[in-house]
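The block underneath contains the structure these notes are about, expressed in structure tokens.
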Amino acid sequence: MIGKLLPLPIETAEAFADPADAPALFPEEEALVAKAVEKRRREFTTVRNCARTALGRLGVGPVAIVPGQRGAPQWPSGVIGSMTHCAGYRAAAVAHATDILTIGLDAEPHEPLPNGGVRELVTRPEERSWLTRLAAERPEVCWDRLVFSAKESVYKAWFPLTRQWLDFQDAILEVDADAKTFRATILTPEPLRAATGGRLSGFEGRWLVRDGLVVTAIAVGV
């Protein structure tokens, strides 16, 4: 699925189930899930297996992938990447830092957000008008969940560049339902501008709904 959203030179790998014979974790990874419930352990292991598969396609040998600041994955030197997991899906995308500036990837179950309170937390008033319109015109898509996923991808693309927190309310999303693209305007863009020499003040991405999932992705070239 993510291969349709993230073209070369980005390498990707995904899994729709946790294999019974997944490769062993590195010791530093094992320590992170030693006391975790089985579900958490399986998703943790599978998404890292995806990441190492993608790294292998990039020509990078297997390494431990442990969380760093605010849980962001720590990739090998010279590599940019992003990982995601949800019920029934795990995926990773990586690229050489000489080719790609940042990647944001997220997958969610394709179902409405659980309640109005969550929707209010995730969306801004500017977004709710077009959300209501699209929900009436194209009810086959859970648009509020798409916004949630896209903003998760925005944060994953933002954080490696700025090393700063970004809230759901700090970005305004616009979605093109026909082109299956989105644009996020950052309301406090100064950290992003500073990190990119004034080049970026927001992000553009792509989305896909398939097999009970909504997947969003951002990639910015160097």
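Every chain in the structure tokens takes a letter, A first, then B, and so on in the order presented; its residues are numbered from 1, and the ligands are numbered from 1 following the presented order.
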Near range 110-117 of chain A, counting only C-alpha atoms, which residues have an atom at most 7 Å away, once you skip same-chain residues fewer than 5 positions from it, shown as number ranges by chain?
A: 142, 144-145, 212-214
Test item: residues at most 10 Å from Pro191 in chain A, only C-alpha atoms, excluding those fewer than 2 positions along its chain, as a short mmCIF file (atom, residue, chain, number, x, y, z; two decimals) with N, CA and C atoms, in the first residue's frame:
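Final output, out.cif:
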```
data_model
loop_
_atom_site.label_atom_id
_atom_site.label_comp_id
_atom_site.auth_asym_id
_atom_site.auth_seq_id
_atom_site.Cartn_x
_atom_site.Cartn_y
_atom_site.Cartn_z
N TRP A 158 7.53 16.54 10.70
CA TRP A 158 7.95 17.77 11.37
C TRP A 158 9.03 17.55 12.42
N PHE A 159 8.81 16.54 13.27
CA PHE A 159 9.65 16.41 14.46
C PHE A 159 11.14 16.17 14.16
N LEU A 161 12.90 17.28 11.91
CA LEU A 161 13.50 18.53 11.42
C LEU A 161 13.59 19.57 12.52
N THR A 162 12.57 19.67 13.35
CA THR A 162 12.50 20.76 14.33
C THR A 162 12.82 20.36 15.76
N ARG A 163 12.62 19.08 16.08
CA ARG A 163 12.76 18.58 17.45
C ARG A 163 11.85 19.32 18.41
N GLN A 164 10.69 19.73 17.93
CA GLN A 164 9.71 20.41 18.76
C GLN A 164 8.35 19.75 18.63
N THR A 188 2.42 27.75 13.30
CA THR A 188 3.64 28.29 13.90
C THR A 188 4.83 27.74 13.11
N PRO A 189 5.04 28.26 11.89
CA PRO A 189 6.00 27.64 10.98
C PRO A 189 7.46 28.01 11.22
N ARG A 193 10.69 26.63 9.18
CA ARG A 193 11.43 27.52 8.27
C ARG A 193 12.90 27.58 8.66
N ALA A 194 13.15 27.68 9.96
CA ALA A 194 14.54 27.75 10.42
C ALA A 194 15.30 26.47 10.09
N ALA A 195 14.62 25.33 10.22
CA ALA A 195 15.27 24.04 9.98
C ALA A 195 15.52 23.77 8.51
N THR A 196 14.77 24.46 7.63
CA THR A 196 14.87 24.18 6.19
C THR A 196 15.34 25.41 5.40
N GLY A 197 15.95 26.35 6.10
CA GLY A 197 16.44 27.54 5.41
C GLY A 197 15.35 28.35 4.75
N GLY A 198 14.17 28.36 5.37
CA GLY A 198 13.05 29.11 4.82
C GLY A 198 12.29 28.40 3.73
N LEU A 200 10.36 25.53 3.83
CA LEU A 200 9.08 24.92 4.14
C LEU A 200 8.34 25.70 5.22
N SER A 201 7.02 25.81 5.04
CA SER A 201 6.15 26.31 6.09
C SER A 201 4.95 25.37 6.27
#
```
What lies within 8 Å of range 121-123 of chain A using only C-alpha atoms, ignoring chain neighbours under 2 positions off, as a tab-separated table (two decimals) with C-alpha atoms, in the first residue's frame?
```
chain	number	residue	atom	x	y	z
A	117	GLY	CA	-14.79	14.95	21.75
A	118	VAL	CA	-11.94	13.31	19.90
A	119	ARG	CA	-13.00	15.01	16.67
A	125	PRO	CA	-13.13	24.92	12.92
A	127	GLU	CA	-11.57	21.93	8.76
A	128	ARG	CA	-14.98	20.97	10.13
A	144	ASP	CA	-12.31	12.62	10.35
A	147	VAL	CA	-7.53	14.05	9.15
A	148	PHE	CA	-6.24	12.29	12.27
A	168	PHE	CA	-3.23	18.68	16.27
A	169	GLN	CA	-4.46	22.26	16.51
```
Separating CA of Leu173 in chain A from CA of Ser153 in chain A, to the nearest tenth of an Å, is a gap of 11.6 Å
DSSP-assigned strand (DSSP E or B) among range 50-221 of chain A, expressed as an NGL selection string:
:A and (67 or 73 or 79-86 or 89-96 or 100-109 or 171-176 or 181-186 or 202-210 or 213-221)
